[in-house]
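Asks: Mind looking over this structure? Questions follow.
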Amino acid sequence: MSKSTLTRRGLLKTSAVAGAGVALPTIFTASSAAAYMNEPTGSSVTLGFNVPQTGPYADEGADELLAQKLAVEHLNGEGDGGCLSTFTSKALQGNGILGKKVEFVTGDTQTKSDAARASAKSMIEKDGAIMINGGSSSGVAVAVQGLCQEAGIIFMAGLTHANDTTGKDRKANGFRHFFNAYMSGAALAPVLAKEMGEDRRAYHLTADYNWGWTQEESIVASTEALGWETVNTVKTPLASTDFSSYITPVLNSGADVLVLNHYGGNMVNSLTNAIQFGLLDKQVNGKDFKIVVPLYSELMAQGAGENIKGVLGSMNYNWQLENEGSKAFVKSFGEKYGKPPSNSAQTCYAQVLLYADACERAGTFNPCGVAEALEGFEFDGLGNGKTLYRAEDHQCFKDVLVVRGAQNPSSQYDTLEIVEITPVDQVMYPPNHPMFGGDEATLGECNAGA
Amino acid sequence: MDAIILQILNGLDKGSAYALIALGLTLIFGTLGVVNFAHGALFMIGAFCAVTVQRILNLSVTTVDESRTDFLGNPLKVQTPYVENWFGPEIGAAISDWSVPIAILFSIPIMLLIGFIMERGLIKHFYRRPHADQILVTFGLAIVLQEVIKYFYGANPIPTPAPEAFAGSLDLGVMFGFDPNAIIYPYWRLIYFVFAALIIGGVFAFLQFTTFGMVVRAGMADRETVGLLGINIDRRFTIMFGIAAAVAGLAGVMYTPINPPNYHMGMDFLVLSFVVVVVGGMGSLPGAVLAGFLLGILESFASTTWATTTIPGINQIIIYLVAIIVLLTRPRGLMGRKGVMED
């Protein structure tokens, strides 16, 4: 046996030093003599696209970045113009924003709050970014939104589904186009009642972090309002890779519906495991066993492969929508990149255009002016149909899609089919709803940063 | 009772992956004295051997179907795998369906080669360096391998299903007198356990009953003396590194139908596998296997509703808790020997 020089204590010390180095906090220091933070003085204006370029959501981030680049192209009057022709606001002329050419810088969120804040801070301080857009996680969205509020920069969130982003953690400088967990529950419930009946027993497996909790709370509330009983809610660690030990208790729990409050790799694995254990082949309480995945994405559907067939869920957007805005966006994106856009790509594209349009209508890049222009703004033609940016919480309200894993997809792009377009009225809620922070939740004051 | 049996099966299943990875880690540590943080990456590369075979078997010829349109309204491009053109739709589809078992044969020479290149090309230069250097260089290598795989295959999980014949579940309950459907377990997970047992048995038999194995064991016990006897122990240890890589790779290939592989799956297993090695006892092969299955079963039981409601969060800490208890009561691990990794 070779002689070893490392002790267990030495190994632990090395790991601790390496860990501490990675986890160094970022401290924001804004400084500007201008009227507002990063006021553009030259002939161009810089936007910051903060998306996961590494880590498990890198493919989703890459798709967001494609859409953001496309939006910049359209704003600068290049390409086919995309949704500029269908967008009901006609303030954008394809000559940049307020006559300034649009440029962009990118950051890597790594789907880690610290890293996302550090990359956003760098884009704001070093590159002079006037707006931050993108992201694939609610934890990241809340963290970067907080940073933008402190810095005096507008944050146009990417994919973030937790209620808290525009709930208890809402900020005056932050805006969300994507839908949220409450809306998923409200949209899914009538379809679940229609397809599965009102006498069901649901078992929840929930990713053990902020987004998972809010989604579970929302789905439990909406299904119990239908008359469903919640048999159990089990939290699963975010780092879980195998869910067999969480799936097997479902088999004999008396539940006849499994709700997977998981996203990304968690969802791919938990759904795959549930199918392996034959849940969809079972009959419980005289009914066929069903699985529900409240939040779907195209990449998750691809990752889960055959396993998603027939499984219901909800989405913010799907390229198969037939409205004029969607058709224009899909054509533009598809011809440029050879594939249809994902719903995370669409939300980022819409957010960039909405920001630019608000600047044009406000006649300034001042974040407080831009925020005012976005508040209460009603529009159409960006792919989701009629939409309202509600002033009280900076949440977009629009129709929500209920989708199902297709039985016979003709390509890798139509693995999900639209079951129902739930009208916006059914997913509305008051700004002081208890799931969104109640009366205590406020936007605070707009910060222009200077 | 049925719930207990199901959790034991889950534990054996998880334990199989831990044991296979920990076995390879211990083999490398025992022979070469290297703490190989790139071992999880070898597990991941094995899984991507299966993905590669699946892609090769699905290489397709493109034809245009004028009667259907794609998402842009253009005529639909239809992909037909070459194997279906060559052998007919049914046989071609069956060949594609068996991509994971076929990948086992494909992965063995690939993993041996990767192990050989890794050891000769990089790790041998670090034999006389401190363990901290070895950890840093192998950890760095793991990150490089991860990023290479991500570059070619993307970050999204890639579905790699088991052959259709093994897709369902076995009703074990009926076989043991329980109610129908009380204990059902997926075929592939049962196959994974049996496969792991065969691999582990094969490695032990190889070390125990072959001359090569005898020399390797002698080298593990006293490298200098074996070298003084005129035996080229370095070459044998290099081969053992290749075998350890192949064991990790096979574990990865067989794991792909259980969970769709992604580029960071190796890291997910690496930390736990190191805990398994430490609990089992550094350098002890039986210890690694025993600890792998033991921790797999404990982790399964800690994930049950009863356990998580009694002690919230127990499912997330159980392995580390057991590691602390074992190291406090048996500082060298369950089956560790004196003098290994001790000053």
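Each chain of the structure tokens is named A, B, ... in the order shown, its residues numbered from 1; ligands are numbered from 1 in display order.
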Using only C-alpha atoms, which protein or nucleic acid residues come within 9 Å of A:Ser222? Drop anything in the same chain fewer than 6 positions from it, and give the result as a PyMOL selection string.
Replies: chain A and resi 182+185-186+188-189+228
Asks: Just to be explicit: take each residue in the selection above, keep N, CA and C atoms, and write the result as a JSON list (two decimals), in the first residue's frame.
Replies:
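What ended up in result_14.json:
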```json
[["chain", "number", "residue", "atom", "x", "y", "z"],
["A", 182, "TYR", "N", -49.85, 30.49, -9.19],
["A", 182, "TYR", "CA", -51.29, 30.64, -8.93],
["A", 182, "TYR", "C", -52.07, 30.48, -10.23],
["A", 185, "GLY", "N", -52.39, 26.87, -11.34],
["A", 185, "GLY", "CA", -53.44, 26.17, -10.60],
["A", 185, "GLY", "C", -54.82, 26.56, -11.09],
["A", 186, "ALA", "N", -55.02, 27.86, -11.26],
["A", 186, "ALA", "CA", -56.35, 28.34, -11.68],
["A", 186, "ALA", "C", -56.70, 27.85, -13.09],
["A", 188, "LEU", "N", -55.38, 25.12, -14.62],
["A", 188, "LEU", "CA", -55.44, 23.65, -14.69],
["A", 188, "LEU", "C", -56.71, 23.08, -14.06],
["A", 189, "ALA", "N", -57.16, 23.70, -12.96],
["A", 189, "ALA", "CA", -58.24, 23.10, -12.17],
["A", 189, "ALA", "C", -59.47, 22.73, -12.99],
["A", 228, "TRP", "N", -61.23, 17.98, -4.61],
["A", 228, "TRP", "CA", -60.20, 16.96, -4.48],
["A", 228, "TRP", "C", -59.67, 16.92, -3.04]]
```
Asks: Find the spatial neighbours of stretch 7-23 of chain B, counting only C-alpha atoms, within a cut-off of 8 Å - ignore same-chain residues fewer than 3 positions away - and output them as a PDB file with C-alpha atoms, in the first residue's frame.
Replies:
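Written output follows (part_22.pdb):
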```pdb
ATOM      1  CA  SER A 244     -37.845   5.912  -6.522  1.00  0.00           C
ATOM      2  CA  SER A 245     -37.977   6.134  -2.733  1.00  0.00           C
ATOM      3  CA  THR A 248     -42.972   3.882  -4.008  1.00  0.00           C
TER       4      THR A 248
ATOM      5  CA  ALA B   3     -43.563  -0.753   2.044  1.00  0.00           C
ATOM      6  CA  ILE B   4     -40.466  -1.988   3.876  1.00  0.00           C
ATOM      7  CA  THR B  26     -11.236   2.152  -3.908  1.00  0.00           C
ATOM      8  CA  LEU B  27      -9.468   0.112  -6.580  1.00  0.00           C
ATOM      9  CA  HIS B  39     -14.322   9.022 -11.172  1.00  0.00           C
ATOM     10  CA  GLY B  40     -17.838  10.443 -11.333  1.00  0.00           C
ATOM     11  CA  PHE B  43     -19.588   7.139 -14.748  1.00  0.00           C
ATOM     12  CA  ARG B 189     -34.001  -1.641 -11.846  1.00  0.00           C
ATOM     13  CA  LEU B 190     -33.961  -5.328 -10.928  1.00  0.00           C
ATOM     14  CA  TYR B 192     -29.396  -3.125 -12.683  1.00  0.00           C
ATOM     15  CA  PHE B 193     -29.063  -4.733  -9.266  1.00  0.00           C
ATOM     16  CA  ALA B 196     -24.074  -4.713 -10.358  1.00  0.00           C
ATOM     17  CA  ALA B 197     -23.851  -7.918  -8.311  1.00  0.00           C
ATOM     18  CA  ILE B 200     -18.806  -6.774  -8.234  1.00  0.00           C
ATOM     19  CA  ALA B 244     -11.930   0.696 -12.541  1.00  0.00           C
ATOM     20  CA  VAL B 247     -16.646  -0.571 -13.976  1.00  0.00           C
ATOM     21  CA  ALA B 248     -17.703   3.083 -13.560  1.00  0.00           C
ATOM     22  CA  ALA B 251     -22.488   1.464 -14.133  1.00  0.00           C
ATOM     23  CA  TYR B 255     -28.045   3.647 -15.347  1.00  0.00           C
ATOM     24  CA  PHE B 269     -22.852  10.627  -7.474  1.00  0.00           C
ATOM     25  CA  LEU B 270     -19.249  11.573  -6.761  1.00  0.00           C
ATOM     26  CA  LEU B 272     -21.899  10.394  -2.055  1.00  0.00           C
ATOM     27  CA  SER B 273     -19.508   7.796  -3.424  1.00  0.00           C
ATOM     28  CA  PHE B 274     -16.644   9.359  -1.501  1.00  0.00           C
ATOM     29  CA  VAL B 276     -19.374   5.545   0.832  1.00  0.00           C
ATOM     30  CA  VAL B 277     -15.628   4.928   0.482  1.00  0.00           C
ATOM     31  CA  LEU B 285     -13.035  -3.225  -1.446  1.00  0.00           C
ATOM     32  CA  ALA B 288     -16.918  -0.014  -0.281  1.00  0.00           C
ATOM     33  CA  VAL B 289     -19.520  -2.512  -1.480  1.00  0.00           C
ATOM     34  CA  LEU B 290     -21.018  -3.041   1.973  1.00  0.00           C
ATOM     35  CA  ALA B 291     -21.207   0.702   2.665  1.00  0.00           C
ATOM     36  CA  GLY B 292     -22.681   1.351  -0.792  1.00  0.00           C
ATOM     37  CA  PHE B 293     -25.632  -0.932  -0.209  1.00  0.00           C
ATOM     38  CA  LEU B 294     -25.994   0.037   3.454  1.00  0.00           C
ATOM     39  CA  LEU B 295     -26.144   3.769   2.734  1.00  0.00           C
ATOM     40  CA  GLY B 296     -28.428   3.190  -0.254  1.00  0.00           C
ATOM     41  CA  ILE B 297     -30.937   1.352   1.951  1.00  0.00           C
ATOM     42  CA  LEU B 298     -30.696   3.912   4.774  1.00  0.00           C
ATOM     43  CA  GLU B 299     -31.214   6.762   2.306  1.00  0.00           C
ATOM     44  CA  SER B 300     -34.313   5.035   0.982  1.00  0.00           C
ATOM     45  CA  PHE B 301     -35.820   4.566   4.411  1.00  0.00           C
TER      46      PHE B 301
END
```
Asks: Hey, can you check how far atom CA of B:Ile5 sits from atom CA of B:Ile183?
Replies: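 Rounded to one decimal, the two atoms are 7.6 Å apart.
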Asks: Leaving out B:Ala41 and any residue of its chain fewer than 4 positions from it, which residues lie within 7 Å of it when counting only C-alpha atoms, given as a PDB file with C-alpha atoms, in the first residue's frame?
Replies:
```pdb
ATOM      1  CA  ILE B  45     -18.936   9.173 -19.865  1.00  0.00           C
ATOM      2  CA  ALA B 142     -13.801  16.109 -14.184  1.00  0.00           C
ATOM      3  CA  LEU B 145     -14.802  16.237 -19.238  1.00  0.00           C
ATOM      4  CA  GLN B 146     -18.198  17.575 -18.152  1.00  0.00           C
ATOM      5  CA  GLY B 266     -21.212  12.195 -12.391  1.00  0.00           C
TER       6      GLY B 266
END
```
Asks: Atom CA of A:Met183 and atom CA of A:Glu324, how far apart in Å?
Replies: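 Pair atom CA of A:Glu324 / atom CA of A:Met183 returns 23.7 Å.
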Asks: So which residues touch stretch 102-118 of chain A within 8 Å, counting only C-alpha atoms, skipping near sequence neighbours fewer than 2 positions away, as a ChimeraX atom specification?
Replies: /A:23,25-26,44-58,72,75-76,96-97,100,120-123,127,129,135-137,139-140,143-144,147
Asks: So that I can check the secondary structure, give me every residue of stretch 207-371 of chain A assigned strand (DSSP E or B) by backbone DSSP, as a list in words.
Replies: Ala207, Glu229, Thr230, Val231, Asn232, Thr233, Val234, Lys235, Thr236, Val257, Leu258, Val259, Leu260, Asn261, Gln283, Val284, Lys287, Asp288, Lys290, Ile291, Val292, Val293, Pro294, Leu295, Lys309, Leu312, Gly313, Ser314 and Met315 of chain A
Asks: Write down as a PyMOL selection string the residues belonging to stretch 34-89 of chain A that are assigned helix (DSSP H, G or I) by DSSP computed on the backbone.
Replies: chain A and resi 58-75+82-84
Asks: Just how far from atom CA of A:Glu198 is atom CA of A:Glu216, in Å to one decimal?
Replies: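 Value for the atom CA of A:Glu216-atom CA of A:Glu198 distance: 18.5 Å.
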Asks: Write out as an MDAnalysis selection string each polymer residue whose atoms come within 12 Å of A:Tyr246, counting only C-alpha atoms; drop sequence neighbours fewer than 2 positions from it.
Replies: (chainID A and resid 203:207 232:237 240:244 248:253 258 260 269:271 273:274 277) or (chainID B and resid 3 6:7 10:11 299:308 315)
Asks: With distances taken over only C-alpha atoms, which residue among A:Gly444, A:Gly212, A:Gly305, A:Gly128 lies nearest B:Pro260?
Replies: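 Counting only C-alpha atoms, the residue closest to B:Pro260 is A:Gly305.
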Asks: What are the residues of chain B that have an atom within 7 Å of an atom of chain A, counting only C-alpha atoms, as a ChimeraX atom specification?
Replies: /B:3,6-7,10,30,33,72,130-131,154-159,168-169,185-186,219-223,259-260,300,303-304,316,340-343
